[in-house]
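Before any comments, here is the structure.
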Amino acid sequence: MRILFADDEENLQELVRSEVPRMGYAVTVCPDGLTAVAALEKEDFDCMIVDLQMPGLNGLQVIEKAAQLRPDMDTVIMTGNPSQETAIAAVQYQVFDYLTKPCRLADIAGLLGRVRERRQSRRQVAALEHRVRRAEGETRLVGEHPSMHETMRLIERVGASESTVLVRGETGCGKELVARALHENSGRADQPFVAINCGALPENLIESELFGHCRGAFTGADAARTGLFEMADGGTLFLDEIGELPLSMQAKLLRVLETGDIRRVGDNDTKHIDVRVVCATHRDLEQMVHEGQFREDLMFRINTFEVRVPALRQRASDIPVLAAHLLRRFRPDAKGSAEESFAPETLRVLGEHVWPGNVRELANVIEHAAILCDQLPILPEHLPRHFSNRQLRKELRANGPISLRDLEMHAIDEALERHDGNKPAAAAELGISLKTLYNKLNAAVENKAG
């Protein structure tokens with residue numbers, strides 16, 4: 001850490017100048033307030049220790065100036081006369097701590113240790129927040145298609161309510177993103193958003209995950225556990241793939257939605273929670289009700305409002321703007337439009353694909369291309385091989401029946417064209433040796449000659 005120490009006592013200045021570096025810190029010693037402000041204007045410091053009584057500018061004036069120049073710096077007051085005025089000033093300027101004169105070297109060492117720990121904790125929290133944001137991605141919905149505009153308008157209107165919402169759509173179309181947007185448009189935006197995929201939980205652990213359990217409630221329950229409903233108290237709980245819940249859990253979930261009371265596994269007492277529930281599914285709940293796989297009363301309870309998310313193939317015009325948006329997530333240098341970041345042929349290939357995996361599949365394709373592309377724009381050769389193969393199969397199906405030999409040569413010709421005749425590069429893409437490639441080309445020539 002870099003420390004700024006401001007005090008007009010020469011003996012204390014010499015002590016700090018000689019001993020603080022031995023603690024592992026860099027220190028700049030200033031004899032008065034004006035010198036301290038000049039140092040703050042030139043250099044960045046992690047911590048400032050300032051005496052309140054100094055010639056020129058007093059300590060409070062220095063602190064006021066420091067709040068403007070170095071708002072992230074931790075400040076410590078040093079005074080020989082603690083008073084109510086000093087305490088009020090400390091609160092006003094969010095001073096971290098104070099030292100009472102005369103102070104010992106051990107007091108300074110202990111204080112700086114606490115400052116270091118606080119700054120480390122803040123960095124760790126900032127790093128964790130960055131990782132969470134990167135993992136979650138942006139919560140902004142992207143799209144210009146009329147169906148997306150209608151979805152966005154409904155989110156704004158429904159988000160402000162407290163009603164339970166059912167989000168419907170195919171796998172990978174962005175249902176969790178819609179749930180987050182509903183949360184951020186609600187009065188609970190500053191409270192927790194907790195998401196769980198019901199289909200990913202083992203049936204024997206679902207109740208414990210949702211409602212928690214007491215210590216000793218079952219084999220392996222060595223400690224009490226807080227359930228997801230409690231974690232989301234005051235905020236929003238997103239139950240993805242609600243159609244995968246077993247019937248026994250559907251009844252318990254209905255009771256919680258009706259009463260707001262939960263009971264941990266193994267506990268006799270209930271606890272009231274305040275949670276807004278957003279559910280999502282790609283399944284036909286009405287058909288499941290007809291088949292006896294889903295409770296009709298639960299379906300009515302979770303479906304107060306319904307938001308349908310269109311599949312990507314239903315809004316193909318949004319593919320270029322979505323591709324550019326996703327590329328910016330993986331490539332900081334991609335700041336332009338889709339036409340600037342992708343070659344025309346690449347946009348054509350992306351636009352012709354059916355996208356059975358919806359936006360999630362598009363995100364994977366763009367991430368793959370972003371890694372392989374050294375310099376923008378993205379070319380078709382940067383797309384995943386399996387993605388190119390699907391395009392190839394689509395083209396071949398349009399041309400009718402084809403022999404295995406012709407299919408093989410079609411793939412070779414396409415690879416050579418993509419690599420401008422570079423045979424080693426084409427062989428590497430096809431996953432064959434260069435010798436095998438030459439053998440197949442020679443065989444094709446002999447077959448034509450025959």
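Every chain in the structure tokens has a letter given in the order shown (A, B, ...), and although residue numbers restart at 1 in each chain, ligands are simply numbered from 1 in the order shown.
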Practice task
Would you please extract all strand (DSSP E or B) residues from region 153-266 of chain A, as assigned by DSSP on the backbone, and give them as a list in words?
Solution key: Val165, Leu166, Val167, Arg168, Phe193, Val194, Ala195, Ile196, Asn197, Gly212, His213, Arg225, Thr226, Thr236, Leu237, Phe238, Leu239, Asp240, Asp261, Ile262 and Val265 of chain A
Practice task
With a distance cut-off of 10 Å and only C-alpha atoms, select the neighbouring residues of Thr304 (chain A), excluding the residue or stretch itself and same-chain residues fewer than 2 positions from it, and output the selection as a list in words.
Solution key: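 Here the answer would be Ser163, Thr164, Val165, Leu166, Met299, Phe300, Arg301, Ile302 and Glu306 of chain A.
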Would you put the residues from that selection into a file with N, CA and C atoms, as an mmCIF file, in the first residue's frame?
data_model
loop_
_atom_site.group_PDB
_atom_site.id
_atom_site.type_symbol
_atom_site.label_atom_id
_atom_site.label_comp_id
_atom_site.auth_asym_id
_atom_site.auth_seq_id
_atom_site.Cartn_x
_atom_site.Cartn_y
_atom_site.Cartn_z
ATOM 1 N N SER A 163 -47.620 -10.011 -9.157
ATOM 2 C CA SER A 163 -48.241 -11.252 -9.599
ATOM 3 C C SER A 163 -47.203 -12.306 -9.994
ATOM 4 N N THR A 164 -47.599 -13.568 -9.855
ATOM 5 C CA THR A 164 -46.787 -14.673 -10.331
ATOM 6 C C THR A 164 -46.835 -14.697 -11.849
ATOM 7 N N VAL A 165 -45.696 -14.974 -12.485
ATOM 8 C CA VAL A 165 -45.600 -14.929 -13.942
ATOM 9 C C VAL A 165 -45.099 -16.267 -14.454
ATOM 10 N N LEU A 166 -45.670 -16.725 -15.552
ATOM 11 C CA LEU A 166 -45.203 -17.929 -16.233
ATOM 12 C C LEU A 166 -44.578 -17.514 -17.555
ATOM 13 N N MET A 299 -51.143 -24.931 -12.046
ATOM 14 C CA MET A 299 -50.979 -24.237 -13.326
ATOM 15 C C MET A 299 -51.733 -22.911 -13.313
ATOM 16 N N PHE A 300 -52.961 -22.923 -12.770
ATOM 17 C CA PHE A 300 -53.727 -21.676 -12.697
ATOM 18 C C PHE A 300 -53.044 -20.676 -11.754
ATOM 19 N N ARG A 301 -52.421 -21.183 -10.682
ATOM 20 C CA ARG A 301 -51.798 -20.306 -9.679
ATOM 21 C C ARG A 301 -50.553 -19.623 -10.218
ATOM 22 N N ILE A 302 -49.754 -20.330 -11.015
ATOM 23 C CA ILE A 302 -48.505 -19.733 -11.512
ATOM 24 C C ILE A 302 -48.707 -18.948 -12.794
ATOM 25 N N GLU A 306 -48.822 -14.425 -18.330
ATOM 26 C CA GLU A 306 -48.004 -15.282 -19.180
ATOM 27 C C GLU A 306 -47.191 -14.429 -20.139
#
Problem - All residues 7 Å or closer to region 327-342 of chain A, only C-alpha atoms, same chain fewer than 6 positions away omitted, as number ranges by chain - result: A: 320-321, 366-367, 370, 376-379
Handout entry: Length of the CA of Glu296 (chain A) to CA of Leu247 (chain A) vector [Å]
Key =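 One can read the CA of Glu296 (chain A) to CA of Leu247 (chain A) distance as 11.0 Å.
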Practice task
Do a neighbour search on region 272-282 of chain A at 10 Å with only C-alpha atoms, toss out local chain neighbours closer than 5 positions, and write the hits as a ChimeraX atom specification.
Solution key: /A:161-173,175-176,178-180,182-183,186,188,192-198,229-244,256-257,259-263,302-303,305-308
Practice task
Compare A:Val158, A:Leu245, A:Val359, A:Leu441 by their minimum atom-to-atom distance to Ala200 (chain A), counting only C-alpha atoms, and give me the closest one.
Solution key: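 Looking at the shortest contact to Ala200 (chain A), the residue is A:Leu245.
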Handout entry: Nearby residues (only C-alpha atoms) at most 6 Å from region 201-218 of chain A, same-chain spacing under 3 positions excluded, as a PyMOL selection string
Key = chain A and resi 198+221-229+264-266
Exercise for the section: Between CA of Gly351 (chain A) and CA of Val142 (chain A), measure the distance and give it in Å to one decimal. Expected result: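 Between these atoms lies a distance of 16.5 Å.
Residue nearest Arg118 (chain A) within the list A:Ile155, A:Ala36, A:Val289, A:Met1: A:Met1 [criterion: smallest interatomic distance, only C-alpha atoms].
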Exercise for the section: Tell me, in Å to one decimal, how far CA of Glu429 (chain A) is from CA of Leu372 (chain A). Expected result: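 Pair CA of Glu429 (chain A) / CA of Leu372 (chain A) returns 12.7 Å.
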Problem - Exercise: Gly357 (chain A) partners within 12 Å, only C-alpha atoms, chain neighbours under 2 positions left out, as an NGL selection string - result: :A and (169-174 or 311-313 or 353-355 or 359-365 or 387)
Using N, CA and C atoms, can you write the selected residues to a file as a tab-separated table (two decimals), in the first residue's frame?
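Once everything was written out, this is result.tsv:
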chain	number	residue	atom	x	y	z
A	169	GLY	N	-41.52	-20.69	-23.57
A	169	GLY	CA	-40.67	-20.60	-24.74
A	169	GLY	C	-39.80	-21.83	-24.86
A	170	GLU	N	-39.20	-22.00	-26.04
A	170	GLU	CA	-38.35	-23.16	-26.28
A	170	GLU	C	-37.06	-23.07	-25.46
A	171	THR	N	-36.39	-24.18	-25.33
A	171	THR	CA	-35.12	-24.22	-24.62
A	171	THR	C	-34.11	-23.32	-25.32
A	172	GLY	N	-33.43	-22.50	-24.53
A	172	GLY	CA	-32.38	-21.65	-25.07
A	172	GLY	C	-32.84	-20.33	-25.64
A	173	CYS	N	-34.12	-19.99	-25.49
A	173	CYS	CA	-34.61	-18.75	-26.11
A	173	CYS	C	-34.46	-17.54	-25.20
A	174	GLY	N	-34.04	-17.73	-23.94
A	174	GLY	CA	-33.79	-16.59	-23.06
A	174	GLY	C	-34.84	-16.39	-21.99
A	311	ALA	N	-39.13	-17.99	-30.45
A	311	ALA	CA	-37.92	-18.73	-30.85
A	311	ALA	C	-37.11	-17.88	-31.82
A	312	LEU	N	-35.82	-18.15	-31.90
A	312	LEU	CA	-34.94	-17.33	-32.74
A	312	LEU	C	-35.34	-17.42	-34.21
A	313	ARG	N	-35.80	-18.61	-34.66
A	313	ARG	CA	-36.18	-18.76	-36.07
A	313	ARG	C	-37.42	-17.93	-36.40
A	353	HIS	N	-29.47	-20.55	-41.02
A	353	HIS	CA	-29.53	-21.66	-40.06
A	353	HIS	C	-30.88	-21.66	-39.33
A	354	VAL	N	-31.36	-22.86	-38.96
A	354	VAL	CA	-32.66	-22.99	-38.31
A	354	VAL	C	-32.60	-22.66	-36.82
A	355	TRP	N	-31.46	-22.82	-36.18
A	355	TRP	CA	-31.23	-22.52	-34.76
A	355	TRP	C	-32.17	-23.29	-33.83
A	359	VAL	N	-31.14	-18.79	-28.96
A	359	VAL	CA	-30.09	-17.80	-28.67
A	359	VAL	C	-28.90	-18.45	-27.98
A	360	ARG	N	-29.16	-19.48	-27.17
A	360	ARG	CA	-28.05	-20.17	-26.49
A	360	ARG	C	-27.11	-20.79	-27.52
A	361	GLU	N	-27.65	-21.39	-28.58
A	361	GLU	CA	-26.82	-21.96	-29.63
A	361	GLU	C	-26.06	-20.87	-30.36
A	362	LEU	N	-26.74	-19.75	-30.65
A	362	LEU	CA	-26.08	-18.63	-31.32
A	362	LEU	C	-24.92	-18.11	-30.47
A	363	ALA	N	-25.12	-18.02	-29.15
A	363	ALA	CA	-24.05	-17.55	-28.27
A	363	ALA	C	-22.84	-18.47	-28.32
A	364	ASN	N	-23.07	-19.79	-28.36
A	364	ASN	CA	-21.96	-20.73	-28.44
A	364	ASN	C	-21.20	-20.60	-29.76
A	365	VAL	N	-21.95	-20.41	-30.85
A	365	VAL	CA	-21.32	-20.26	-32.16
A	365	VAL	C	-20.47	-18.99	-32.20
A	387	PHE	N	-21.23	-26.81	-37.10
A	387	PHE	CA	-22.21	-25.85	-37.61
A	387	PHE	C	-22.12	-25.81	-39.13
Completion exercise
In terms of only C-alpha atoms, the residue from A:Arg17, A:Arg2, A:Arg315, A:Arg295 at minimal distance from Ala39 (chain A) is A:Arg2
